[in-house]
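Data block for final-v2.txt (compact mmCIF, C-alpha atoms):
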# COMPACT_ATOMS: atom_id res chain seq x y z
CA ASP A 833 138.13 180.71 82.02
CA THR A 834 141.18 178.67 83.06
CA GLY A 835 139.51 176.49 85.71
CA VAL A 836 138.42 172.87 85.58
CA SER A 837 135.34 172.38 83.42
CA GLN A 838 132.90 169.50 83.30
CA ASP A 839 130.23 168.58 80.80
CA PRO A 840 127.33 168.09 81.07
CA ARG A 841 126.38 169.83 84.30
CA HIS A 842 123.24 167.73 84.65
CA LYS A 843 122.27 164.36 83.22
CA ILE A 844 119.01 162.52 83.67
CA THR A 845 118.89 158.98 82.37
CA LYS A 846 116.85 155.84 82.67
CA ARG A 847 118.11 152.81 84.50
CA GLY A 848 120.14 150.57 82.24
CA GLN A 849 121.35 153.30 79.92
CA ASN A 850 125.01 154.23 79.45
CA VAL A 851 126.26 157.73 80.25
CA THR A 852 129.55 159.51 79.66
CA PHE A 853 130.91 162.59 81.39
CA ARG A 854 133.80 164.77 80.33
CA CYS A 855 136.33 166.71 82.38
CA ASP A 856 138.79 169.30 81.08
CA PRO A 857 141.50 170.01 83.66
CA ILE A 858 143.59 173.12 84.07
CA SER A 859 145.99 173.00 81.15
CA GLU A 860 149.30 172.62 82.99
CA HIS A 861 147.98 170.06 85.49
CA ASN A 862 149.06 166.51 84.77
CA ARG A 863 147.14 164.87 87.61
CA LEU A 864 143.41 164.34 87.30
CA TYR A 865 141.03 162.87 89.89
CA TRP A 866 137.43 161.71 89.78
CA TYR A 867 135.28 161.76 92.91
CA ARG A 868 131.67 160.83 93.58
CA GLN A 869 129.50 162.72 96.03
CA THR A 870 126.17 161.31 97.14
CA LEU A 871 123.54 163.29 99.02
CA GLY A 872 124.65 164.20 102.51
CA GLN A 873 128.16 162.82 102.08
CA GLY A 874 131.56 164.20 101.33
CA PRO A 875 133.24 163.41 98.01
CA GLU A 876 134.70 159.90 97.71
CA PHE A 877 137.71 159.11 95.57
CA LEU A 878 137.06 157.02 92.45
CA THR A 879 140.18 157.10 90.31
CA TYR A 880 143.28 159.07 89.45
CA PHE A 881 145.40 159.74 86.36
CA GLN A 882 148.90 160.99 85.97
CA ASN A 883 149.11 162.14 82.38
CA GLU A 884 147.38 159.38 80.38
CA ALA A 885 148.09 156.61 82.88
CA GLN A 886 145.34 155.52 85.25
CA LEU A 887 147.37 154.81 88.37
CA GLU A 888 144.81 154.09 91.05
CA LYS A 889 141.21 152.94 91.25
CA SER A 890 138.99 152.84 94.30
CA ARG A 891 136.97 149.79 95.23
CA LEU A 892 133.95 152.05 94.58
CA LEU A 893 134.76 151.89 90.87
CA SER A 894 132.83 148.80 89.83
CA ASP A 895 133.36 147.11 86.48
CA ARG A 896 130.47 149.16 85.07
CA PHE A 897 132.63 152.25 85.42
CA SER A 898 135.50 153.10 83.09
CA ALA A 899 137.63 156.19 82.89
CA GLU A 900 140.06 157.29 80.22
CA ARG A 901 142.42 160.15 79.66
CA PRO A 902 143.70 159.90 76.11
CA LYS A 903 146.75 162.03 75.40
CA GLY A 904 146.83 163.16 79.00
CA SER A 905 144.46 166.05 78.48
CA PHE A 906 140.71 165.74 79.01
CA SER A 907 139.20 162.72 80.73
CA THR A 908 135.95 160.81 80.32
CA LEU A 909 134.06 158.76 82.87
CA GLU A 910 131.60 156.24 81.47
CA ILE A 911 128.98 154.37 83.45
CA GLN A 912 127.43 151.38 81.72
CA ARG A 913 124.02 149.94 82.59
CA THR A 914 123.28 152.69 85.08
CA GLU A 915 121.55 151.87 88.34
CA GLN A 916 119.57 154.13 90.66
CA GLY A 917 122.42 153.90 93.15
CA ASP A 918 124.67 155.68 90.65
CA SER A 919 122.71 158.90 91.17
CA ALA A 920 125.25 161.35 92.53
CA MET A 921 127.39 164.36 91.77
CA TYR A 922 130.53 163.37 89.88
CA LEU A 923 133.41 165.75 90.56
CA CYS A 924 136.63 166.12 88.66
CA ALA A 925 139.75 167.74 90.09
CA SER A 926 143.19 168.44 88.74
CA SER A 927 146.55 169.30 90.26
CA LEU A 928 150.20 169.80 89.53
CA PRO A 929 152.52 166.82 90.09
CA LEU A 930 153.86 166.03 93.53
CA ALA A 931 157.41 167.33 93.80
CA GLY A 932 159.65 165.68 96.34
CA VAL A 933 159.11 163.38 99.26
CA ARG A 934 157.38 165.90 101.46
CA SER A 935 154.90 167.43 99.08
CA TYR A 936 151.22 167.84 98.67
CA ASN A 937 148.88 168.55 95.83
CA GLU A 938 146.33 171.31 95.86
CA GLN A 939 143.39 170.00 93.94
CA PHE A 940 141.19 172.33 91.94
CA PHE A 941 137.65 171.11 91.45
CA GLY A 942 135.25 171.50 88.58
CA PRO A 943 131.55 172.33 89.04
CA GLY A 944 130.55 168.67 88.83
CA THR A 945 128.07 166.64 86.80
CA ARG A 946 124.88 165.77 88.63
CA LEU A 947 123.54 162.39 87.48
CA THR A 948 119.98 161.32 88.16
CA VAL A 949 119.03 157.75 87.27
CA LEU A 950 115.28 157.18 87.05
CA ALA B 433 144.37 154.66 107.30
CA GLN B 434 143.38 158.26 106.99
CA SER B 435 139.98 159.48 108.10
CA VAL B 436 138.18 162.72 108.88
CA THR B 437 135.37 163.31 111.32
CA GLN B 438 133.32 166.48 111.21
CA LEU B 439 131.27 166.98 114.34
CA GLY B 440 127.83 168.36 113.59
CA SER B 441 126.19 167.92 110.22
CA HIS B 442 124.35 171.24 110.66
CA VAL B 443 125.48 174.41 112.40
CA SER B 444 123.35 177.51 112.67
CA VAL B 445 124.66 180.91 113.75
CA SER B 446 123.37 184.45 113.72
CA GLU B 447 124.87 187.01 111.41
CA GLY B 448 127.86 188.58 113.15
CA ALA B 449 128.38 185.64 115.49
CA LEU B 450 131.44 183.42 115.72
CA VAL B 451 131.58 180.48 113.33
CA LEU B 452 133.22 177.28 114.61
CA LEU B 453 133.21 174.14 112.48
CA ARG B 454 134.94 171.13 113.99
CA CYS B 455 137.22 168.65 112.24
CA ASN B 456 139.25 165.81 113.69
CA TYR B 457 141.54 163.68 111.58
CA SER B 458 143.37 160.39 111.75
CA SER B 459 146.59 159.84 109.86
CA SER B 460 149.60 157.57 110.28
CA VAL B 461 151.97 160.24 108.98
CA PRO B 462 152.07 164.02 109.32
CA PRO B 463 149.02 165.07 107.36
CA TYR B 464 148.14 167.80 104.95
CA LEU B 465 144.76 169.25 105.89
CA PHE B 466 142.29 171.25 103.85
CA TRP B 467 138.98 173.03 104.23
CA TYR B 468 136.74 173.33 101.18
CA VAL B 469 133.43 175.18 100.78
CA GLN B 470 130.63 174.07 98.48
CA TYR B 471 127.71 176.23 97.44
CA PRO B 472 124.53 174.52 96.16
CA ASN B 473 125.03 172.66 92.89
CA GLN B 474 128.61 173.79 92.60
CA GLY B 475 132.03 172.22 92.95
CA LEU B 476 134.39 172.67 95.86
CA GLN B 477 136.44 175.78 96.48
CA LEU B 478 139.56 175.68 98.64
CA LEU B 479 139.28 177.89 101.73
CA LEU B 480 142.65 177.13 103.30
CA LYS B 481 145.29 174.44 103.74
CA TYR B 482 147.78 173.26 106.34
CA THR B 483 151.05 171.99 104.94
CA SER B 484 153.25 171.78 108.06
CA ALA B 485 154.33 175.40 108.13
CA ALA B 486 152.49 177.69 110.56
CA THR B 487 149.91 175.93 112.68
CA LEU B 488 147.47 178.85 112.38
CA VAL B 489 146.39 179.08 108.80
CA LYS B 490 144.51 181.99 107.29
CA GLY B 491 142.30 181.49 104.29
CA ILE B 492 139.91 183.36 102.08
CA ASN B 493 136.78 185.19 103.18
CA GLY B 494 138.09 185.76 106.70
CA PHE B 495 138.30 182.09 107.67
CA GLU B 496 141.16 180.56 109.59
CA ALA B 497 142.00 177.19 111.09
CA GLU B 498 144.46 175.95 113.69
CA PHE B 499 146.30 172.66 113.46
CA LYS B 500 146.58 171.00 116.88
CA LYS B 501 148.58 167.81 116.70
CA SER B 502 147.91 166.82 120.31
CA GLU B 503 144.17 166.98 119.68
CA THR B 504 144.35 165.74 116.05
CA SER B 505 142.10 168.67 115.20
CA PHE B 506 141.85 171.29 112.49
CA HIS B 507 138.82 173.38 113.41
CA LEU B 508 137.62 176.18 111.12
CA THR B 509 136.68 179.55 112.57
CA LYS B 510 135.49 182.96 111.47
CA PRO B 511 135.02 185.79 113.97
CA SER B 512 131.88 187.22 112.41
CA ALA B 513 129.47 185.30 110.19
CA HIS B 514 128.04 186.83 107.06
CA MET B 515 124.93 185.72 105.21
CA SER B 516 127.10 184.79 102.22
CA ASP B 517 128.91 182.20 104.38
CA ALA B 518 125.89 179.92 104.25
CA ALA B 519 127.16 176.82 102.46
CA GLU B 520 128.47 173.34 103.12
CA TYR B 521 132.00 172.98 104.44
CA PHE B 522 134.23 169.95 104.04
CA CYS B 523 137.40 169.08 105.89
CA ALA B 524 139.85 166.83 104.04
CA VAL B 525 143.13 165.07 104.75
CA SER B 526 145.88 163.95 102.43
CA GLU B 527 149.11 162.17 103.15
CA GLY B 528 150.68 163.34 99.92
CA ARG B 529 153.78 161.55 98.76
CA TYR B 530 155.09 161.37 102.32
CA GLY B 531 152.55 158.71 103.13
CA GLY B 532 153.19 156.79 99.97
CA SER B 533 149.75 157.53 98.60
CA GLN B 534 148.92 159.34 95.42
CA GLY B 535 147.65 162.37 97.26
CA ASN B 536 143.98 161.45 97.19
CA LEU B 537 141.85 163.59 99.41
CA ILE B 538 139.82 161.90 102.12
CA PHE B 539 136.81 164.05 103.00
CA GLY B 540 134.60 164.32 106.02
CA LYS B 541 130.84 164.15 105.61
CA GLY B 542 130.51 167.90 105.66
CA THR B 543 128.88 170.52 107.85
CA LYS B 544 126.08 172.66 106.51
CA LEU B 545 126.32 176.20 107.86
CA SER B 546 123.18 178.31 108.11
CA VAL B 547 123.38 182.01 108.93
CA LYS B 548 120.33 183.69 110.44
CA PRO B 549 119.72 187.40 109.92
Go ahead and render the structure in this file as structure tokens.
Amino acid sequence: DTGVSQDPRHKITKRGQNVTFRCDPISEHNRLYWYRQTLGQGPEFLTYFQNEAQLEKSRLLSDRFSAERPKGSFSTLEIQRTEQGDSAMYLCASSLPLAGVRSYNEQFFGPGTRLTVL
Amino acid sequence: AQSVTQLGSHVSVSEGALVLLRCNYSSSVPPYLFWYVQYPNQGLQLLLKYTSAATLVKGINGFEAEFKKSETSFHLTKPSAHMSDAAEYFCAVSEGRYGGSQGNLIFGKGTKLSVKP
């Protein structure tokens, strides 16, 4: 399977615990995005990497959230001291680099990690 | 700032009927527009994309969408609904590098499509 993979698919945790999710992008994609999707809403952008550099963070990404992409391959998203409001689907997407001024990126999404905070 | 509005959080059609899911966008530069489909507990799958070539875009599973600049719309249609089309559909906009952004997708809130037998 050469698509985007995410692990785990489901995570149930108690409030106050730390959780970590992993995303493995498509191998030749150097751009990696994290989104959060709450019930009844569309995905919302959290952060973005180009290779190992984290280039943009949304205001949604509080200081309890941290994302890394060591060596520019897989990425991890950690949530510290989880709160019930963190319950959501966390989606990872990857894409090829933008090429040229007038260019776009087709993002390929993984299956997501559904987090439930009790 | 970019934004997407999807009119109707739920749409119900009969099998074989026309599917029409509405999407209006706001963008300060010529946008790139996308439709994604999401089945329960799964990620998003790209149905089709508009990238400033033809204004009528054909996608997978018989879906198509028409970009209308004057109406700032990108509605999704399918002539004949199938039971397997039941899912949630998301419209998204990106300004790509043209807009100086990093190509983040801005999504609408989604429209859940039900197909009755």
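Residues with any atom within 10 Å of Ile492 in chain B, counting all atoms listed in the file and excluding same-chain neighbours fewer than 4 positions away, are Leu478, Leu479, Leu480 and Glu496 of chain B.
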Write a file of the selected residues as a PDB file, in the coordinates of the input, keeping C-alpha atoms.
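Final output, out-v2.pdb:
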ATOM      1  CA  LEU B 478     139.560 175.680  98.640  1.00  0.00           C
ATOM      2  CA  LEU B 479     139.280 177.890 101.730  1.00  0.00           C
ATOM      3  CA  LEU B 480     142.650 177.130 103.300  1.00  0.00           C
ATOM      4  CA  GLU B 496     141.160 180.560 109.590  1.00  0.00           C
TER       5      GLU B 496
END
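Computed from the coordinates, the CA of Ala925 in chain A to CA of Gly944 in chain A distance equals 9.3 Å.
Nearest residue to chain A among B:Lys490, B:Lys501, B:Lys481, B:Lys510 is B:Lys481, counting only C-alpha atoms.
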- Query: Which residue gives the smallest distance to Trp866 in chain A among A:Asp918, A:Glu938, A:Glu900, A:Asp895, with only C-alpha atoms counted?
  - Reply: A:Glu900
Using all atoms listed in the file, what table do you get, as CSV, when you list each residue of chain A with an atom no more than 10 Å from chain B, its nearest pair of atoms, and their distance in Å rounded to one decimal, rows by chain then rising number?
residue,atom,partner,partner_atom,distance
A:Val836,CA,B:Gly475,CA,9.8
A:Arg841,CA,B:Asn473,CA,9.1
A:His842,CA,B:Asn473,CA,9.8
A:Arg863,CA,B:Gln534,CA,9.7
A:Tyr865,CA,B:Asn536,CA,8.0
A:Trp866,CA,B:Asn536,CA,9.9
A:Tyr867,CA,B:Leu537,CA,9.4
A:Gln869,CA,B:Lys541,CA,9.8
A:Leu871,CA,B:Lys541,CA,9.9
A:Gly872,CA,B:Lys541,CA,6.9
A:Gln873,CA,B:Lys541,CA,4.6
A:Gly874,CA,B:Lys541,CA,4.3
A:Pro875,CA,B:Phe539,CA,6.2
A:Glu876,CA,B:Phe539,CA,7.0
A:Phe877,CA,B:Asn536,CA,6.9
A:Leu878,CA,B:Asn536,CA,9.5
A:Thr879,CA,B:Asn536,CA,9.0
A:Tyr880,CA,B:Asn536,CA,8.1
A:Phe881,CA,B:Gln534,CA,9.7
A:Gln882,CA,B:Gln534,CA,9.6
A:Leu887,CA,B:Gln534,CA,8.5
A:Glu888,CA,B:Gln534,CA,8.0
A:Met921,CA,B:Asn473,CA,8.7
A:Tyr922,CA,B:Gly475,CA,9.5
A:Leu923,CA,B:Gly475,CA,7.0
A:Cys924,CA,B:Gly475,CA,8.8
A:Ala925,CA,B:Leu476,CA,9.3
A:Ser927,CA,B:Gly535,CA,9.9
A:Pro929,CA,B:Gly535,CA,9.7
A:Leu930,CA,B:Arg529,CA,6.9
A:Ala931,CA,B:Arg529,CA,8.4
A:Gly932,CA,B:Arg529,CA,7.6
A:Val933,CA,B:Tyr530,CA,5.4
A:Arg934,CA,B:Tyr530,CA,5.1
A:Ser935,CA,B:Gly528,CA,5.9
A:Tyr936,CA,B:Gly528,CA,4.7
A:Asn937,CA,B:Gly535,CA,6.5
A:Glu938,CA,B:Leu478,CA,8.5
A:Gln939,CA,B:Leu478,CA,8.3
A:Phe940,CA,B:Gln477,CA,7.4
A:Phe941,CA,B:Leu476,CA,5.7
A:Gly942,CA,B:Gly475,CA,5.5
A:Pro943,CA,B:Gly475,CA,3.9
A:Gly944,CA,B:Gly475,CA,5.6
A:Thr945,CA,B:Asn473,CA,9.1
A:Arg946,CA,B:Asn473,CA,8.1
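Note that the spacing between CA of Leu488 in chain B and CA of Thr509 in chain B amounts to 10.8 Å.
Of note, CA of Leu452 in chain B and CA of Val547 in chain B are spaced 12.3 Å apart.
Distance check against Thr504 in chain B using all atoms listed in the file: of B:Leu450, B:Val469, B:Val525, B:Ala485, the minimum falls on B:Val525.
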- Task: Check the smallest atom-to-atom distance from each of B:Leu453, B:Ser435, B:Glu498, B:Thr487 to Tyr468 in chain B using all atoms listed in the file, then report the winner.
- Result: B:Leu453
Around range 516-527 of chain B, with edges along x, y and z and 6 Å added on all six sides, what centre and edge lengths do you get, in Å to one decimal, as JSON?
{"center_x": 137.5, "center_y": 173.5, "center_z": 104.1, "size_x": 35.2, "size_y": 34.6, "size_z": 15.7}
- Using all atoms listed in the file, find all polymer residues with an atom at most 8 Å away from the point (131.9, 181.4, 105.0); report them as number ranges by chain. B: 469, 493-495, 510, 513-514, 516-519
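Residues with any atom within 8 Å of Asn456 in chain B, counting only C-alpha atoms and excluding same-chain neighbours fewer than 2 positions away, are Val436, Thr437, Gln438, Arg454, Ser458, Glu503, Thr504, Ser505, Phe506 and His507 of chain B.
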Complete the atoms of range 494-505 of chain B to all heavy atoms and put them out as an mmCIF file, keeping the file's coordinate frame.
data_model
loop_
_atom_site.group_PDB
_atom_site.id
_atom_site.type_symbol
_atom_site.label_atom_id
_atom_site.label_comp_id
_atom_site.auth_asym_id
_atom_site.auth_seq_id
_atom_site.Cartn_x
_atom_site.Cartn_y
_atom_site.Cartn_z
ATOM 1 N N GLY B 494 137.988 185.546 105.263
ATOM 2 C CA GLY B 494 138.090 185.760 106.700
ATOM 3 C C GLY B 494 138.152 184.504 107.547
ATOM 4 O O GLY B 494 138.131 184.574 108.775
ATOM 5 N N PHE B 495 138.226 183.348 106.932
ATOM 6 C CA PHE B 495 138.300 182.090 107.670
ATOM 7 C C PHE B 495 139.737 181.777 108.078
ATOM 8 O O PHE B 495 140.682 182.158 107.399
ATOM 9 C CB PHE B 495 137.759 180.929 106.823
ATOM 10 C CG PHE B 495 136.267 180.902 106.725
ATOM 11 C CD1 PHE B 495 135.614 181.499 105.663
ATOM 12 C CD2 PHE B 495 135.516 180.274 107.714
ATOM 13 C CE1 PHE B 495 134.224 181.487 105.581
ATOM 14 C CE2 PHE B 495 134.130 180.242 107.627
ATOM 15 C CZ PHE B 495 133.487 180.853 106.562
ATOM 16 N N GLU B 496 139.866 181.077 109.180
ATOM 17 C CA GLU B 496 141.160 180.560 109.590
ATOM 18 C C GLU B 496 140.973 179.237 110.315
ATOM 19 O O GLU B 496 139.867 178.894 110.740
ATOM 20 C CB GLU B 496 141.914 181.554 110.480
ATOM 21 C CG GLU B 496 141.241 181.916 111.780
ATOM 22 C CD GLU B 496 142.070 182.947 112.536
ATOM 23 O OE1 GLU B 496 142.654 183.863 111.922
ATOM 24 O OE2 GLU B 496 142.109 182.826 113.777
ATOM 25 N N ALA B 497 142.061 178.484 110.419
ATOM 26 C CA ALA B 497 142.000 177.190 111.090
ATOM 27 C C ALA B 497 143.327 176.966 111.811
ATOM 28 O O ALA B 497 144.375 177.441 111.377
ATOM 29 C CB ALA B 497 141.755 176.070 110.085
ATOM 30 N N GLU B 498 143.260 176.231 112.911
ATOM 31 C CA GLU B 498 144.460 175.950 113.690
ATOM 32 C C GLU B 498 144.698 174.459 113.755
ATOM 33 O O GLU B 498 143.810 173.683 114.131
ATOM 34 C CB GLU B 498 144.329 176.515 115.105
ATOM 35 C CG GLU B 498 145.612 176.368 115.915
ATOM 36 C CD GLU B 498 145.557 177.089 117.243
ATOM 37 O OE1 GLU B 498 144.472 177.568 117.620
ATOM 38 O OE2 GLU B 498 146.611 177.159 117.902
ATOM 39 N N PHE B 499 145.908 174.056 113.382
ATOM 40 C CA PHE B 499 146.300 172.660 113.460
ATOM 41 C C PHE B 499 146.797 172.375 114.874
ATOM 42 O O PHE B 499 147.716 173.023 115.350
ATOM 43 C CB PHE B 499 147.416 172.366 112.453
ATOM 44 C CG PHE B 499 148.025 171.003 112.576
ATOM 45 C CD1 PHE B 499 147.309 169.878 112.227
ATOM 46 C CD2 PHE B 499 149.329 170.838 113.046
ATOM 47 C CE1 PHE B 499 147.861 168.609 112.333
ATOM 48 C CE2 PHE B 499 149.893 169.581 113.160
ATOM 49 C CZ PHE B 499 149.159 168.462 112.803
ATOM 50 N N LYS B 500 146.151 171.407 115.542
ATOM 51 C CA LYS B 500 146.580 171.000 116.880
ATOM 52 C C LYS B 500 146.875 169.502 116.854
ATOM 53 O O LYS B 500 145.959 168.668 116.886
ATOM 54 C CB LYS B 500 145.485 171.315 117.915
ATOM 55 C CG LYS B 500 145.272 172.806 118.143
ATOM 56 C CD LYS B 500 144.307 173.062 119.271
ATOM 57 C CE LYS B 500 144.163 174.548 119.567
ATOM 58 N NZ LYS B 500 143.225 174.821 120.674
ATOM 59 N N LYS B 501 148.165 169.206 116.813
ATOM 60 C CA LYS B 501 148.580 167.810 116.700
ATOM 61 C C LYS B 501 148.131 166.989 117.902
ATOM 62 O O LYS B 501 147.678 165.854 117.758
ATOM 63 C CB LYS B 501 150.099 167.741 116.544
ATOM 64 C CG LYS B 501 150.640 166.338 116.346
ATOM 65 C CD LYS B 501 152.149 166.358 116.173
ATOM 66 C CE LYS B 501 152.696 164.954 116.016
ATOM 67 N NZ LYS B 501 154.182 164.964 115.866
ATOM 68 N N SER B 502 148.235 167.572 119.088
ATOM 69 C CA SER B 502 147.910 166.820 120.310
ATOM 70 C C SER B 502 146.431 166.448 120.353
ATOM 71 O O SER B 502 146.058 165.452 120.973
ATOM 72 C CB SER B 502 148.264 167.645 121.543
ATOM 73 O OG SER B 502 147.540 168.858 121.557
ATOM 74 N N GLU B 503 145.609 167.251 119.696
ATOM 75 C CA GLU B 503 144.170 166.980 119.680
ATOM 76 C C GLU B 503 143.718 166.386 118.352
ATOM 77 O O GLU B 503 142.529 166.122 118.187
ATOM 78 C CB GLU B 503 143.402 168.286 119.948
ATOM 79 C CG GLU B 503 143.706 168.900 121.297
ATOM 80 C CD GLU B 503 142.990 170.225 121.510
ATOM 81 O OE1 GLU B 503 142.144 170.608 120.677
ATOM 82 O OE2 GLU B 503 143.286 170.888 122.531
ATOM 83 N N THR B 504 144.647 166.187 117.438
ATOM 84 C CA THR B 504 144.350 165.740 116.050
ATOM 85 C C THR B 504 143.145 166.515 115.507
ATOM 86 O O THR B 504 142.196 165.933 114.973
ATOM 87 C CB THR B 504 144.108 164.218 115.968
ATOM 88 O OG1 THR B 504 142.981 163.854 116.776
ATOM 89 C CG2 THR B 504 145.338 163.453 116.393
ATOM 90 N N SER B 505 143.222 167.836 115.641
ATOM 91 C CA SER B 505 142.100 168.670 115.200
ATOM 92 C C SER B 505 142.558 169.735 114.221
ATOM 93 O O SER B 505 143.740 170.121 114.194
ATOM 94 C CB SER B 505 141.413 169.318 116.398
ATOM 95 O OG SER B 505 142.255 170.295 116.992
#
